[in-house]
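First up is the structure itself, then whatever we jot down about it.
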Amino acid sequence: MRATLMYEAGDVRVEDVPDARLIEETDALVRVTRAGICGSDLWPYRVIEAVGAYVKTVKVGDFVVSPFLWSDGSCVFCQEGLPSSCLHGGRYGWGDVDGGQGEAVRVPQADGTLVVLPVSPDDALMPSLLTLADVMGTGHHAAVAARVGPGKTVAVVGDGAVGLCGVIASKRLGADRIILLGSNPERTALGKDFGATDVVHERGEEVVERVRELTEHGAHSVLECVGLSQAVETALAIARPGGAIGRVGVPEDDTTPTGVAFWKNALIAGGPAPVRAYIDELLPDVLEGRIEPGRVFDRTGSIEDVPDGYRAMNDREVLKFQIKP
C-alpha cells in the first residue's frame with residue numbers, strides 16, 4: 001500500500017510499504033478515507049475493513065473517526081477523562097503502529113479509540129468531522145484548561161488551525177469577549193467569522209500593551225496555541241491576576257517562565273489534548289451545523305500530494321491540508 005514516510009525534517013516521501021494488518025485481538029484494520037497534515041500529529045479518518053476477535057463496539061463497514069492517540073478507554077486515566085495519558089495507549093506512527101497518512105492503518109485498542117459516525121464517507125460534513133480527531137478537540141481542550149465560561153474575556157494566542165478552533169470553543173462555552181492574536185489577514189478574518197470580537201495584529205511588547213488597553217487588567221482566560229517560547233511568554237504577560245492559561249501548543253522547549261504565573265496567582269494547565277474524551281460532546285454540534293471547524297482546511301490533495309502539503313504548511317502557504325486517499 002502507499003503511505004507517507006518522514007525521513008527527517010524537510011524530507012517527506014510517499015512510498016510503497018507492507019499492507020497494514022491485524023496483530024492483536026483488540027486491533028481494527030481500517031481504510032483511510034480522510035486524513036489531515038498537522039505540524040505535530042496525525043488525524044486519521046476511516047472505514048473499518050477487519051477487526052480482532054476481542055473488538056466489540058465497532059464492526060466491518062463502520063465509518064469511524066480516530067483521535068491522534070489511541071487508548072483502551074478503561075484504565076484509570078481514561079475513566080477520569082484523560083485518555084491522552086492512557087496506561088495502555090500510544091501514538092500513531094511509533095513503534096509497530098502505522099501512521100495515519102496512508103491507504104490503511106492498524107488501530108490498537110479499537111474499542112477505546114474509534115467512534116462510529118452516523119454519516120457516509122462522502123458527506124459534506126467530512127472536513128468538520130475530521131477536526132474532531134485533533135484540531136477542534138485541541139482548541140476545546142485549551143478553552144477548558146483556561147476555564148473559559150460566561151462573563152469571561154478570552155485571549156487566543158495564535159491564528160493557526162488550533163487557535164481558530166480555540167475561538168470556536170470559547171464562543172461555544174459562552175465567553176463574553178474573544179481577542180484573537182494573529183498577523184495573517186485571511187486567518188484572522190476567519191477567526192472573526194468564528195466568533196472573535198477583537199483582533200490584535202501587533203507583536204512583542206506591543207501586543208501585550210494592546211491587550212491591556214482592551215482589557216485593562218488582562219484576560220481571564222488565555223489559550224496558548226503555538227508552543228514557541230515567545231507565545232508562552234505572551235500568554236503569561238496578558239493573563240490577568242487570578243486568570244488561567246490553557247497550553248496546547250507543542251512546546252518548543254521546556255523553559256517555561258513559570259515565575260510570572262506564580263506572582264499573578266495564575267493557573268497554567270493543558271498538554272496533549274484528550275480528544276477522545278471530547279468527541280461525544282462536540283459531535284452533535286458538528287452534525288447539527290452549530291459549529292463549522294472544517295473551514296480551517298484550505299487545500300485538499302491525494303496521498304501523492306502529501307510531501308507538497310507539508311512544504312506548503314511549513315511555508316505558511318496554507319492553513320491546513322486535507323488528504324483524500
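Letters for chains follow the order of the C-alpha cells (A, B, ...), residue numbers begin at 1 for each chain, and ligand numbers begin at 1 in the order shown.
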
Wanna dump the region 32-116 of chain A-region 292-312 of chain A contacts at 10 Å for me, each residue with its shortest atom pair and the distance in Å to one decimal, counting only C-alpha atoms, ordered by chain and number, as CSV?
```
residue,atom,partner,partner_atom,distance
A:Arg34,CA,A:Ser302,CA,9.5
A:Ala35,CA,A:Ile303,CA,9.3
A:Gly36,CA,A:Phe297,CA,8.7
A:Ile37,CA,A:Tyr310,CA,6.9
A:Cys38,CA,A:Tyr310,CA,8.4
A:Gly39,CA,A:Tyr310,CA,8.3
A:Gln101,CA,A:Ile303,CA,7.3
A:Gly102,CA,A:Ile303,CA,6.9
A:Glu103,CA,A:Ile303,CA,8.1
```

Please report as a tab-separated table every residue of region 229-318 of chain A lying within 10 Å of region 181-185 of chain A, along with the nearest atom pair and their distance in Å (one decimal), using only C-alpha atoms.
```
residue	atom	partner	partner_atom	distance
A:Ala231	CA	A:Leu181	CA	10.0
A:Thr234	CA	A:Leu181	CA	10.0
A:Arg316	CA	A:Asn184	CA	9.7
```

Export C-alpha atoms of the chosen residues as a compact mmCIF listing (two decimals), in the first residue's frame?
```txt
# COMPACT_ATOMS: atom_id res chain seq x y z
CA ALA A 231 3.95 32.67 22.55
CA THR A 234 2.98 36.47 25.70
CA ARG A 316 2.58 29.09 5.55
```

Counting only C-alpha atoms, the residue of A:Arg276, A:Arg106, A:Arg210, A:Arg147 that sits nearest Gly242 (chain A): A:Arg147

Strand (DSSP E) positions in region 77-320 of chain A, given as a VMD selection string: chain A and resid 90 to 91 104 to 107 115 to 116 153 to 157 177 to 181 198 to 200 219 to 224 239 to 247 267 to 270 299 to 301

Using the selection just defined, write its residues with C-alpha atoms as a short mmCIF file (atom, residue, chain, number, x, y, z; two decimals), in the first residue's frame.
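Ended up saving to part.cif:
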```cif
data_model
loop_
_atom_site.label_atom_id
_atom_site.label_comp_id
_atom_site.auth_asym_id
_atom_site.auth_seq_id
_atom_site.Cartn_x
_atom_site.Cartn_y
_atom_site.Cartn_z
CA GLY A 90 0.09 5.29 22.40
CA ARG A 91 0.54 7.34 19.28
CA ALA A 104 -4.88 1.83 5.59
CA VAL A 105 -3.83 1.64 9.22
CA ARG A 106 -3.87 -0.73 12.19
CA VAL A 107 -5.70 0.82 15.16
CA VAL A 115 -16.02 6.43 17.35
CA VAL A 116 -18.66 5.36 14.83
CA THR A 153 -12.68 37.72 28.46
CA VAL A 154 -10.57 35.30 26.42
CA ALA A 155 -7.33 35.87 24.53
CA VAL A 156 -6.25 33.31 21.93
CA VAL A 157 -2.54 33.30 21.11
CA ARG A 177 -15.20 38.70 24.63
CA ILE A 178 -12.68 36.82 22.48
CA ILE A 179 -9.45 38.53 21.45
CA LEU A 180 -7.52 36.76 18.69
CA LEU A 181 -3.79 37.42 18.43
CA ASP A 198 -11.29 41.70 18.54
CA VAL A 199 -8.12 41.03 16.57
CA VAL A 200 -4.67 42.14 17.72
CA ALA A 219 -7.66 38.34 30.01
CA HIS A 220 -9.42 35.97 32.39
CA SER A 221 -8.58 33.04 30.09
CA VAL A 222 -5.62 32.74 27.71
CA LEU A 223 -5.34 29.96 25.12
CA GLU A 224 -1.71 29.34 24.10
CA ALA A 239 -3.26 36.91 31.67
CA ARG A 240 -4.88 38.91 34.45
CA PRO A 241 -4.05 38.14 38.10
CA GLY A 242 -6.03 35.07 39.10
CA GLY A 243 -6.52 34.11 35.48
CA ALA A 244 -5.87 30.81 33.74
CA ILE A 245 -3.71 29.78 30.79
CA GLY A 246 -4.52 26.73 28.67
CA ARG A 247 -1.38 25.45 26.92
CA LEU A 267 -3.16 28.82 36.70
CA ILE A 268 -1.24 27.05 33.92
CA ALA A 269 -2.87 23.88 32.63
CA GLY A 270 -3.12 21.89 29.42
CA ARG A 299 -6.33 22.86 0.50
CA THR A 300 -7.07 19.22 -0.34
CA GLY A 301 -4.88 16.69 -2.12
#
```

DSSP-assigned alpha helix (DSSP H) among region 46-277 of chain A, expressed as number ranges by chain: A: 76-79, 110-113, 126-131, 135-145, 161-172, 185-194, 204-215, 229-238, 258-264, 275-277

Nearest-residue call for Met126 (chain A), choices A:Ala3, A:Leu283, A:Pro274, A:Glu15, using only C-alpha atoms: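 Distance minimum relative to Met126 (chain A) lands on A:Leu283.
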
Nearest to Asp98 (chain A) by atom-to-atom distance, counting only C-alpha atoms, from A:Val17, A:Val207, A:Ala142, A:Leu319: A:Val17

Test item: residues at most 6 Å from Ile238 (chain A), only C-alpha atoms, excluding those fewer than 3 positions along its chain, as a ChimeraX atom specification: /A:208,218,235

Go ahead and write the selection's residues with C-alpha atoms as an mmCIF file, in the first residue's frame.
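Result file is again_26.cif:
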```
data_model
loop_
_atom_site.group_PDB
_atom_site.id
_atom_site.type_symbol
_atom_site.label_atom_id
_atom_site.label_comp_id
_atom_site.auth_asym_id
_atom_site.auth_seq_id
_atom_site.Cartn_x
_atom_site.Cartn_y
_atom_site.Cartn_z
ATOM 1 C CA VAL A 208 0.880 42.986 25.481
ATOM 2 C CA GLY A 218 -5.617 41.322 31.171
ATOM 3 C CA ALA A 235 0.279 34.270 27.201
#
```

From A:Gly112, A:Tyr92, A:Thr57, A:Ala9, residue lying nearest Cys78 (chain A) [only C-alpha atoms]: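 Looking at the shortest contact to Cys78 (chain A), the residue is A:Gly112.
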
Atom-to-atom span, CA of Gly191 (chain A) and CA of Ala266 (chain A), Å: 25.9 Å

Residues near Leu82 (chain A), cut-off 12 Å, only C-alpha atoms, skip fewer than 3 positions along chain, as number ranges by chain: A: 69-79, 85-87, 89, 141, 270-278

Counting only C-alpha atoms, the option among A:Pro67, A:Gly151, A:Pro108, A:Gly163 closest to Thr131 (chain A): A:Pro67

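Between CA of Glu206 (chain A) and CA of Lys171 (chain A) lies a distance of 25.6 Å.
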
A:Phe63, A:Val167, A:Pro18, A:Ile279 ranked by distance to Asp122 (chain A), top pick (using only C-alpha atoms):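 Result for the nearest residue to Asp122 (chain A): A:Phe63.
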